[in-house]
$ cat model-v2.cif   # mmCIF, C-alpha atoms
data_my_file
#
loop_
_atom_site.label_atom_id
_atom_site.label_comp_id
_atom_site.auth_asym_id
_atom_site.auth_seq_id
_atom_site.Cartn_x
_atom_site.Cartn_y
_atom_site.Cartn_z
CA MET T 1 118.61 -142.89 91.49
CA THR T 2 120.89 -145.64 90.22
CA ALA T 3 124.67 -145.92 89.92
CA ARG T 4 125.97 -144.88 86.51
CA THR T 5 128.44 -146.93 84.52
CA THR T 6 129.16 -144.22 81.94
CA PHE T 7 128.70 -140.47 81.94
CA TYR T 8 130.06 -137.26 80.43
CA LEU T 9 132.08 -134.62 82.23
CA SER T 10 129.49 -131.98 81.26
CA GLN T 11 126.82 -133.96 83.13
CA ILE T 12 128.80 -133.57 86.37
CA LEU T 13 130.32 -130.09 86.20
CA GLY T 14 128.33 -127.61 88.25
CA LYS T 15 126.26 -130.36 89.87
CA LYS T 16 125.80 -130.68 93.63
CA PHE T 17 128.32 -132.65 95.64
CA PHE T 18 126.66 -134.64 98.44
CA SER T 19 128.03 -136.14 101.63
CA HIS T 20 127.04 -139.71 102.58
CA ASP T 21 124.02 -138.38 104.53
CA ARG T 22 122.82 -136.52 101.41
CA ARG T 23 123.76 -133.06 102.63
CA VAL T 24 125.00 -130.66 99.95
CA SER T 25 128.73 -130.09 100.46
CA GLY T 26 129.44 -127.97 97.38
CA LYS T 27 129.50 -127.99 93.57
CA VAL T 28 131.73 -130.08 91.32
CA ILE T 29 134.08 -127.94 89.21
CA ASP T 30 136.69 -130.43 87.89
CA PHE T 31 138.10 -133.96 87.89
CA LEU T 32 141.78 -134.80 88.34
CA ILE T 33 143.13 -137.72 86.30
CA GLU T 34 146.39 -139.66 86.49
CA LEU T 35 147.92 -139.76 83.03
CA THR T 36 149.87 -143.01 83.18
CA PRO T 37 148.03 -145.54 85.33
CA VAL T 38 149.24 -149.13 85.49
CA SER T 39 147.26 -151.32 83.09
CA SER T 40 145.68 -154.43 84.55
CA SER T 41 146.70 -156.40 81.47
CA PRO T 42 149.58 -155.96 79.01
CA ASN T 43 147.15 -156.58 76.14
CA LYS T 44 144.71 -153.89 77.20
CA PRO T 45 145.18 -150.12 76.83
CA SER T 46 145.74 -148.00 79.92
CA ARG T 47 143.10 -145.36 80.62
CA PRO T 48 143.71 -142.31 82.80
CA LYS T 49 142.06 -142.85 86.17
CA VAL T 50 140.09 -140.18 88.02
CA ILE T 51 141.87 -139.76 91.36
CA ALA T 52 140.30 -136.59 92.76
CA VAL T 53 137.41 -134.15 92.42
CA LYS T 54 137.61 -130.38 92.85
CA VAL T 55 134.61 -128.92 94.66
CA LYS T 56 133.63 -125.32 95.30
CA VAL T 57 132.55 -125.03 98.93
CA GLY T 58 131.31 -121.53 99.64
CA MET T 59 134.08 -119.15 98.57
CA TYR T 60 136.77 -121.84 98.58
CA GLU T 61 137.92 -124.68 96.32
CA ARG T 62 138.71 -128.01 97.95
CA VAL T 63 140.05 -131.26 96.48
CA PHE T 64 138.73 -134.61 97.67
CA ASP T 65 139.96 -138.13 97.08
CA PHE T 66 137.76 -139.90 94.50
CA SER T 67 138.10 -143.47 95.73
CA SER T 68 135.04 -143.30 98.00
CA LEU T 69 132.75 -141.48 95.56
CA GLU T 70 129.74 -142.82 93.65
CA VAL T 71 128.07 -141.36 90.57
CA LEU T 72 124.26 -141.61 90.65
CA ALA T 73 121.76 -140.57 88.03
CA ASP T 74 118.17 -140.64 86.88
CA LYS T 75 116.55 -139.28 83.72
CA ARG T 76 116.79 -135.69 84.93
CA SER T 77 120.04 -135.29 86.83
CA THR T 78 123.42 -136.71 87.82
CA GLN T 79 124.92 -136.48 91.30
CA ILE T 80 128.11 -137.39 93.12
CA ILE T 81 127.82 -138.95 96.56
CA CYS T 82 130.89 -138.99 98.78
CA HIS T 83 130.77 -141.84 101.29
CA GLU T 84 133.94 -140.80 103.07
CA ILE T 85 135.22 -137.24 102.62
CA GLU T 86 139.02 -137.13 102.54
CA GLU T 87 140.61 -133.88 101.47
CA ILE T 88 143.94 -134.18 99.65
CA SER T 89 146.70 -131.85 98.45
CA THR T 90 147.79 -131.82 94.81
CA ALA T 91 151.09 -130.07 95.56
CA TYR T 92 153.10 -133.28 95.52
CA LEU T 93 151.23 -135.10 92.73
CA SER T 94 152.98 -135.58 89.37
CA ASN T 95 151.82 -136.65 85.93
CA VAL T 96 148.25 -135.52 86.59
CA LEU T 97 145.81 -133.33 84.67
CA TRP T 98 142.59 -131.44 85.40
CA LEU T 99 140.01 -132.44 82.77
CA ARG T 100 137.95 -129.25 82.57
CA GLU T 101 140.91 -126.92 82.89
CA SER T 102 143.34 -128.68 80.54
CA ILE T 103 141.24 -130.75 78.14
CA LEU T 104 137.74 -129.34 77.72
CA ARG T 105 137.54 -126.90 74.79
CA LYS T 106 141.24 -127.42 74.12
CA GLN T 107 142.82 -128.51 70.85
CA ILE T 108 143.87 -132.12 70.35
CA VAL T 109 145.24 -134.22 67.54
CA ASP T 110 143.12 -137.09 66.31
CA MET T 111 145.93 -139.52 65.52
CA THR T 112 143.64 -141.74 63.45
CA GLY T 113 142.20 -138.88 61.43
CA LYS T 114 145.50 -136.98 61.42
CA LYS T 115 143.83 -133.64 62.07
CA LEU T 116 143.21 -131.07 64.75
CA GLU T 117 139.98 -131.16 66.74
CA LYS T 118 138.48 -129.25 69.67
CA VAL T 119 137.24 -131.20 72.68
CA THR T 120 133.60 -130.51 73.53
CA ASP T 121 133.22 -133.15 76.25
CA VAL T 122 134.93 -136.12 77.94
CA ARG T 123 133.40 -139.60 78.24
CA LEU T 124 134.06 -141.50 81.49
CA VAL T 125 133.33 -145.04 82.62
CA VAL T 126 132.83 -146.50 86.10
CA ILE T 127 134.11 -150.04 86.72
CA PRO T 128 134.93 -151.88 89.97
CA SER T 129 138.55 -150.69 89.93
CA GLY T 130 137.62 -147.01 89.58
CA THR T 131 136.46 -144.26 87.21
CA TYR T 132 138.38 -143.71 83.98
CA ALA T 133 138.42 -141.28 81.05
CA ILE T 134 137.94 -143.39 77.92
CA ALA T 135 137.20 -140.96 75.08
CA VAL T 136 136.66 -137.36 74.10
CA ASP T 137 133.72 -135.91 72.21
CA VAL T 138 134.69 -133.61 69.35
CA GLY T 139 131.21 -133.17 67.90
CA ILE T 140 128.28 -130.78 68.14
CA GLU T 141 126.54 -133.05 70.62
CA GLY T 142 129.20 -132.38 73.24
CA ALA T 143 128.87 -128.63 72.77
CA LEU T 144 125.08 -128.80 73.09
CA ARG T 145 125.43 -131.03 76.14
CA ASN T 146 127.48 -128.30 77.82
CA LEU T 147 124.69 -125.82 77.03
CA GLY T 148 122.00 -128.18 78.31
CA LEU T 149 120.34 -128.38 74.87
CA VAL T 150 120.80 -132.07 74.05
CA GLN T 151 117.31 -132.99 75.30
CA VAL T 152 115.76 -130.43 72.97
CA VAL T 153 117.61 -131.83 69.96
CA GLU T 154 116.77 -135.42 70.95
CA TRP T 155 113.10 -134.44 71.13
CA LEU T 156 113.32 -132.99 67.61
CA GLU T 157 115.00 -136.17 66.38
CA ARG T 158 112.18 -138.33 67.76
CA LEU T 159 109.56 -135.98 66.35
CA PHE T 160 110.97 -135.91 62.80
CA HIS T 161 112.64 -139.37 62.81
CA ILE T 162 116.00 -137.98 61.81
CA SER T 163 119.51 -138.09 63.26
CA MET T 164 120.85 -134.62 63.93
CA LEU T 165 123.69 -135.47 66.31
CA PRO T 166 126.07 -138.09 64.92
CA THR T 167 128.42 -139.37 67.61
CA ARG T 168 131.98 -138.09 67.25
CA LEU T 169 133.99 -139.81 69.94
CA ILE T 170 137.74 -140.35 69.77
CA LEU T 171 139.25 -142.99 72.01
CA TRP T 172 141.79 -141.67 74.50
CA ASP T 173 144.58 -143.76 72.94
CA ASP T 174 144.08 -142.01 69.61
CA ILE T 175 144.48 -138.45 70.80
CA GLU T 176 147.21 -136.18 72.04
CA THR T 177 146.78 -132.67 73.41
CA ILE T 178 148.97 -129.93 72.01
CA ASP T 179 147.69 -126.90 73.91
CA VAL T 180 150.78 -125.10 75.14
CA ALA T 181 148.82 -123.45 77.96
CA THR T 182 148.46 -126.80 79.74
CA SER T 183 150.97 -129.10 81.44
CA GLN T 184 154.43 -129.19 79.87
CA LEU T 185 154.61 -132.93 80.52
CA TRP T 186 151.40 -133.45 78.59
CA LEU T 187 152.76 -131.42 75.70
CA SER T 188 155.97 -133.47 75.56
CA LYS T 189 153.92 -136.68 75.36
CA ALA T 190 151.98 -135.18 72.46
CA THR T 191 155.09 -134.06 70.62
CA THR T 192 156.59 -137.54 70.84
CA LYS T 193 153.54 -139.10 69.22
CA LEU T 194 153.14 -136.34 66.64
CA THR T 195 156.60 -137.09 65.26
CA THR T 196 155.27 -140.41 63.96
CA LEU T 197 153.05 -138.60 61.44
CA HIS T 198 153.96 -138.00 57.81
CA PRO T 199 155.48 -134.51 57.35
CA SER T 200 152.52 -133.44 55.19
CA ASP T 201 149.99 -134.49 57.86
CA LEU T 202 152.02 -132.84 60.60
CA ALA T 203 152.31 -129.64 58.56
CA ASP T 204 148.51 -129.51 58.18
CA ILE T 205 148.06 -129.94 61.94
CA ILE T 206 150.66 -127.34 62.91
CA GLU T 207 149.17 -124.80 60.50
CA GLU T 208 145.85 -125.00 62.34
CA LEU T 209 147.39 -124.07 65.70
CA ASP T 210 147.62 -120.57 67.11
CA LYS T 211 150.95 -118.88 66.42
CA HIS T 212 152.41 -119.42 69.88
CA THR T 213 151.55 -123.13 70.05
CA ARG T 214 152.58 -123.61 66.43
CA THR T 215 156.07 -122.34 67.17
CA TYR T 216 156.35 -124.35 70.38
CA VAL T 217 155.43 -127.66 68.73
CA PHE T 218 157.61 -126.98 65.68
CA ALA T 219 160.61 -126.11 67.85
CA ALA T 220 160.33 -129.51 69.56
CA LEU T 221 160.97 -131.35 66.26
CA ASP T 222 164.48 -132.42 65.36
CA GLU T 223 166.14 -130.50 62.54
CA GLU T 224 165.64 -133.16 59.86
CA GLN T 225 161.92 -133.53 60.54
CA ALA T 226 161.45 -129.80 61.05
CA ALA T 227 162.91 -129.20 57.59
CA ASP T 228 160.60 -131.80 56.01
CA VAL T 229 157.55 -130.32 57.77
CA LEU T 230 158.44 -126.72 56.93
CA GLU T 231 158.77 -127.67 53.27
CA GLU T 232 155.15 -128.90 53.31
CA MET T 233 153.69 -125.81 54.98
CA GLU T 234 151.95 -122.86 53.35
CA PRO T 235 154.10 -119.74 52.71
CA ASP T 236 152.47 -117.61 55.43
CA ALA T 237 152.98 -120.33 58.05
CA GLN T 238 156.58 -120.87 56.91
CA LEU T 239 157.39 -117.20 57.37
CA GLN T 240 155.73 -117.03 60.78
CA ILE T 241 157.70 -120.06 61.97
CA ILE T 242 161.07 -118.78 60.72
CA ARG T 243 160.48 -115.32 62.19
CA SER T 244 159.54 -116.71 65.60
CA LEU T 245 162.27 -119.36 66.00
CA PRO T 246 165.59 -118.52 67.64
CA LEU T 247 168.09 -117.47 64.97
CA GLU T 248 170.31 -120.52 65.43
CA LYS T 249 167.40 -122.99 65.26
CA ALA T 250 165.92 -121.31 62.18
CA ALA T 251 169.28 -121.40 60.41
CA ASP T 252 169.79 -125.07 61.28
CA VAL T 253 166.38 -125.96 59.82
CA LEU T 254 166.99 -123.97 56.63
CA GLU T 255 170.31 -125.79 56.15
CA LYS T 256 168.49 -129.12 56.12
CA MET T 257 166.04 -127.99 53.44
CA PRO T 258 166.68 -128.14 49.70
CA ALA T 259 168.48 -124.93 48.77
CA ASP T 260 165.73 -123.80 46.40
CA GLU T 261 163.07 -124.22 49.11
CA ALA T 262 165.19 -122.30 51.62
CA ALA T 263 165.74 -119.56 49.05
CA ASP T 264 161.99 -119.25 48.46
CA ILE T 265 161.43 -118.64 52.17
CA LEU T 266 164.33 -116.24 52.65
CA ASP T 267 163.30 -114.25 49.59
CA GLU T 268 160.11 -113.20 51.40
CA LEU T 269 161.85 -112.00 54.56
CA ALA T 270 163.02 -108.49 55.35
CA GLU T 271 166.56 -107.84 54.12
CA GLN T 272 168.02 -107.61 57.64
CA LYS T 273 166.43 -110.88 58.81
CA LYS T 274 167.46 -112.63 55.59
CA GLU T 275 171.08 -111.54 56.01
CA GLU T 276 171.16 -112.59 59.68
CA LEU T 277 170.00 -116.08 58.77
CA LEU T 278 172.40 -116.42 55.84
CA LYS T 279 175.32 -115.44 58.08
CA GLU T 280 174.20 -117.95 60.74
CA MET T 281 173.95 -120.81 58.22
CA GLU T 282 176.96 -122.95 57.37
CA LYS T 283 179.11 -121.35 54.67
CA GLU T 284 178.46 -123.96 51.96
CA SER T 285 174.67 -123.91 52.44
CA SER T 286 174.61 -120.13 52.67
CA GLU T 287 176.55 -119.65 49.45
CA GLU T 288 174.29 -122.08 47.62
CA VAL T 289 171.19 -120.23 48.73
CA ARG T 290 172.71 -116.82 47.95
CA GLU T 291 173.34 -117.92 44.36
CA LEU T 292 169.70 -118.89 43.96
CA LEU T 293 168.51 -115.61 45.44
CA GLU T 294 170.31 -113.73 42.68
CA TYR T 295 167.90 -115.05 40.04
CA GLU T 296 164.83 -113.09 39.04
CA ASP T 297 161.44 -114.71 39.76
CA GLU T 298 160.84 -115.21 36.02
CA GLU T 299 164.11 -117.07 35.45
CA VAL T 300 164.54 -120.86 35.47
CA GLY T 301 167.24 -120.61 38.10
CA SER T 302 164.73 -119.32 40.63
CA ILE T 303 162.97 -122.72 40.83
CA MET T 304 165.79 -125.15 40.06
CA SER T 305 167.03 -127.64 42.63
CA THR T 306 170.76 -127.78 43.26
CA ASP T 307 170.51 -131.15 45.02
CA ILE T 308 171.79 -133.19 42.10
CA PHE T 309 173.99 -136.29 41.82
CA THR T 310 176.77 -136.29 39.25
CA LEU T 311 179.04 -139.05 37.96
CA PRO T 312 182.23 -139.04 35.88
CA PRO T 313 182.08 -140.90 32.53
CA ASP T 314 185.12 -143.11 33.15
CA ILE T 315 183.87 -145.29 36.02
CA THR T 316 181.95 -148.55 35.85
CA VAL T 317 178.28 -149.01 36.58
CA ALA T 318 179.20 -151.03 39.66
CA ALA T 319 181.39 -148.19 40.95
CA ALA T 320 178.61 -145.70 40.29
CA MET T 321 176.17 -147.79 42.30
CA GLU T 322 178.65 -147.95 45.16
CA GLU T 323 179.00 -144.15 45.07
CA LEU T 324 175.22 -143.85 45.38
CA ARG T 325 175.14 -146.19 48.37
CA LYS T 326 177.85 -144.20 50.13
CA ALA T 327 176.26 -140.80 49.45
CA LYS T 328 172.70 -141.93 50.35
CA PRO T 329 171.02 -139.00 48.55
CA GLU T 330 167.27 -138.36 48.80
CA PRO T 331 165.48 -140.69 46.32
CA ILE T 332 163.72 -137.78 44.63
CA HIS T 333 167.12 -136.29 43.70
CA ILE T 334 168.45 -139.35 41.85
CA ASN T 335 165.66 -140.21 39.43
CA THR T 336 168.00 -138.67 36.88
CA LEU T 337 171.79 -138.79 37.20
CA PHE T 338 174.03 -136.38 35.35
CA ILE T 339 177.42 -137.11 33.78
CA THR T 340 179.91 -134.25 33.92
CA ASP T 341 183.56 -133.78 32.99
CA LYS T 342 186.27 -132.47 35.29
CA SER T 343 185.22 -128.89 34.53
CA GLU T 344 181.64 -129.68 35.61
CA ARG T 345 180.36 -129.32 32.04
CA LEU T 346 177.31 -131.46 31.35
CA LEU T 347 178.01 -134.41 29.05
CA ALA T 348 174.95 -136.62 29.42
CA ALA T 349 172.07 -137.77 31.56
CA ILE T 350 171.00 -141.25 32.63
CA SER T 351 167.99 -142.48 34.57
CA LEU T 352 168.43 -144.47 37.75
CA ALA T 353 166.48 -147.33 36.16
CA GLU T 354 168.94 -147.46 33.25
CA LEU T 355 171.85 -147.55 35.67
CA VAL T 356 170.36 -150.39 37.71
CA LEU T 357 169.64 -152.50 34.62
CA ALA T 358 173.02 -151.94 32.97
CA ASP T 359 175.93 -154.39 32.96
CA PRO T 360 177.87 -153.72 36.20
CA SER T 361 181.19 -153.94 34.33
CA ALA T 362 180.19 -151.41 31.65
CA LEU T 363 181.61 -147.89 31.75
CA ILE T 364 179.21 -145.00 32.27
CA SER T 365 180.44 -143.53 28.98
CA GLN T 366 179.18 -146.66 27.19
CA ILE T 367 175.59 -146.41 28.42
CA MET T 368 175.04 -142.65 28.82
CA LYS T 369 172.87 -140.64 26.45
CA LYS T 370 174.81 -137.73 25.01
CA ASN T 371 173.39 -134.33 24.10
CA PRO T 372 170.59 -134.27 26.68
CA VAL T 373 167.79 -131.72 26.46
CA THR T 374 168.84 -128.77 28.60
CA VAL T 375 167.65 -125.37 29.70
CA LYS T 376 169.73 -122.38 30.77
CA ASP T 377 169.46 -120.90 34.23
CA THR T 378 168.60 -117.48 32.81
CA ASP T 379 165.90 -118.74 30.41
CA ARG T 380 162.33 -117.69 31.10
CA LEU T 381 160.09 -119.99 33.11
CA ASP T 382 157.43 -120.11 30.42
CA THR T 383 159.80 -122.12 28.17
CA LEU T 384 159.85 -125.10 30.55
CA ALA T 385 156.38 -126.57 30.08
CA GLU T 386 156.81 -127.01 26.33
CA LEU T 387 160.18 -128.77 26.73
CA ILE T 388 158.90 -131.15 29.41
CA SER T 389 155.81 -131.98 27.36
CA ARG T 390 157.60 -132.38 24.02
CA TYR T 391 160.31 -134.73 25.31
CA ASN T 392 158.22 -136.46 28.02
CA LEU T 393 160.80 -135.68 30.71
CA MET T 394 160.62 -136.02 34.50
CA SER T 395 163.38 -133.45 34.97
CA LEU T 396 165.49 -131.02 33.02
CA PRO T 397 169.19 -130.28 33.63
CA VAL T 398 169.93 -126.58 34.05
CA ILE T 399 173.22 -125.23 32.67
CA ASN T 400 174.88 -121.81 32.59
CA ASN T 401 176.39 -120.01 29.63
CA ASP T 402 179.57 -122.07 29.97
CA GLU T 403 177.51 -125.28 29.77
CA LYS T 404 178.36 -126.12 33.38
CA LEU T 405 175.67 -127.95 35.31
CA GLU T 406 173.91 -125.68 37.81
CA GLY T 407 170.97 -127.85 38.89
CA MET T 408 167.77 -129.38 37.61
CA VAL T 409 164.10 -128.53 37.34
CA MET T 410 161.62 -131.30 38.14
CA VAL T 411 158.14 -131.69 36.73
CA GLU T 412 156.52 -130.91 40.08
CA ASP T 413 158.30 -127.54 40.20
CA ILE T 414 156.96 -126.65 36.78
CA VAL T 415 153.43 -127.75 37.67
CA ASP T 416 153.55 -125.63 40.82
CA ASP T 417 154.66 -122.65 38.79
CA LEU T 418 151.92 -123.15 36.20
CA LEU T 419 149.29 -123.37 38.94
CA GLY T 420 150.56 -120.22 40.60
CA LEU T 421 151.72 -122.06 43.71
CA ARG T 422 155.31 -120.92 43.76
CA LYS T 423 156.27 -119.60 47.17
CA THR T 424 158.31 -116.78 45.68
CA LYS T 425 155.28 -115.22 44.04
#
$ encode --input "model-v2.cif" --output "structure tokens"
Amino acid sequence: MTARTTFYLSQILGKKFFSHDRRVSGKVIDFLIELTPVSSSPNKPSRPKVIAVKVKVGMYERVFDFSSLEVLADKRSTQIICHEIEEISTAYLSNVLWLRESILRKQIVDMTGKKLEKVTDVRLVVIPSGTYAIAVDVGIEGALRNLGLVQVVEWLERLFHISMLPTRLILWDDIETIDVATSQLWLSKATTKLTTLHPSDLADIIEELDKHTRTYVFAALDEEQAADVLEEMEPDAQLQIIRSLPLEKAADVLEKMPADEAADILDELAEQKKEELLKEMEKESSEEVRELLEYEDEEVGSIMSTDIFTLPPDITVAAAMEELRKAKPEPIHINTLFITDKSERLLAAISLAELVLADPSALISQIMKKNPVTVKDTDRLDTLAELISRYNLMSLPVINNDEKLEGMVMVEDIVDDLLGLRKTK
């Protein structure tokens, strides 16, 4: 047998553990890795180092230091030889992880692919400074390797000159575990890295988790990001999250969401739960959502957004731009700006582009377009598509019977409704 430079965890688990004189001392059942080893170079990534091996000796499990071990292999088997047996205790070790127990067959996030995967094996490398975990296998080959069937498949590949087992390795740096059943420290590391993802990608990942882990990971997000992620999730997942979060946390997240999105979610909850959340929310946010909940599903008001930016007609363009800078509204809410009088009646609409290009000294009343196309909050939803198409609009202002501005409907809301994607249906 010769010393191995690379091997898979599956090739070691269950194999005999030999002393230096080649006597069988037990069977290997797991490897312990240190999660944050010191890198030998600031320009090279740190890999978790194997620091111990768990061995079943008779009826007992014992943990031995890995520094004096050697991995040997031939074409048929892999063995671990211990040159100097030194039993250690893991009671005082921190920032460590058992590979088989906490990683194998657990869910991870592929940060490069931005999706959830299941680990089927772990790739390790032996170098002079020690043994390190360098990648995980998330493909069929790893699963077959665990079943001892890889040789059969490789024989079929050679026989038919085809490739049946494409390699699916993910480098350790590109993954994070999010299995709540494992170490809490490991989970917190994962959550930190997950927050760098786009809300849509993170929503897709969280939706794939089991309900318990889904709630745990979501609860670790700050309120702003949690609101963005919840907005991107499917209705069933949204409801499960809101029902499982503590009342205060759920209310805080709903407050950060656009009122129409929050209303869509609350509308699907039981009356008692809905009322509890509305009472827990801040008064202004709660009242805004309550107003939206009063609309029937077939009415325009049920899908309008109340996050709108209004301007008076008697200020300059420069002053209007300064107001925008101070308010810092979401970009999607200011594609169209609305001009209202002191009674909040709609006078005109102006695009952000028109405002930017206008003379800074000009009054808003001089550049605004009067008599904008409008829709009433109680109009039927099926009237929207024709208006948007006829006038080539990106959004429509929504008014009430007194011609006061209530909100706006954007093209994306109408498209969702036409495709049957509305969360309230």
$ residues_around --input "model-v2.cif" --residues "segment 304-320 of chain T" --least-positions-apart "2" --cutoff "6 Å" --atoms "only C-alpha atoms" --output "PyMOL selection string"
chain T and resi 260+301-302+322-323+333+337-340+360-365+407-409
$ atom_distance --input "model-v2.cif" --atom1 "atom CA of Leu254 of chain T" --atom2 "atom CA of Arg325 of chain T"
25.1 Å
$ residues_around --input "model-v2.cif" --residues "Thr374 of chain T" --least-positions-apart "3" --cutoff "12 Å" --atoms "all atoms listed in the file" --output "PyMOL selection string"
chain T and resi 300+338+346-349+370-371+377+379+383-384+387-388+391+393+395-401+403-409
$ atom_distance --input "model-v2.cif" --atom1 "atom CA of Asp30 of chain T" --atom2 "atom CA of Ala52 of chain T"
8.6 Å
$ atom_distance --input "model-v2.cif" --atom1 "atom CA of Ser94 of chain T" --atom2 "atom CA of Val50 of chain T"
13.8 Å
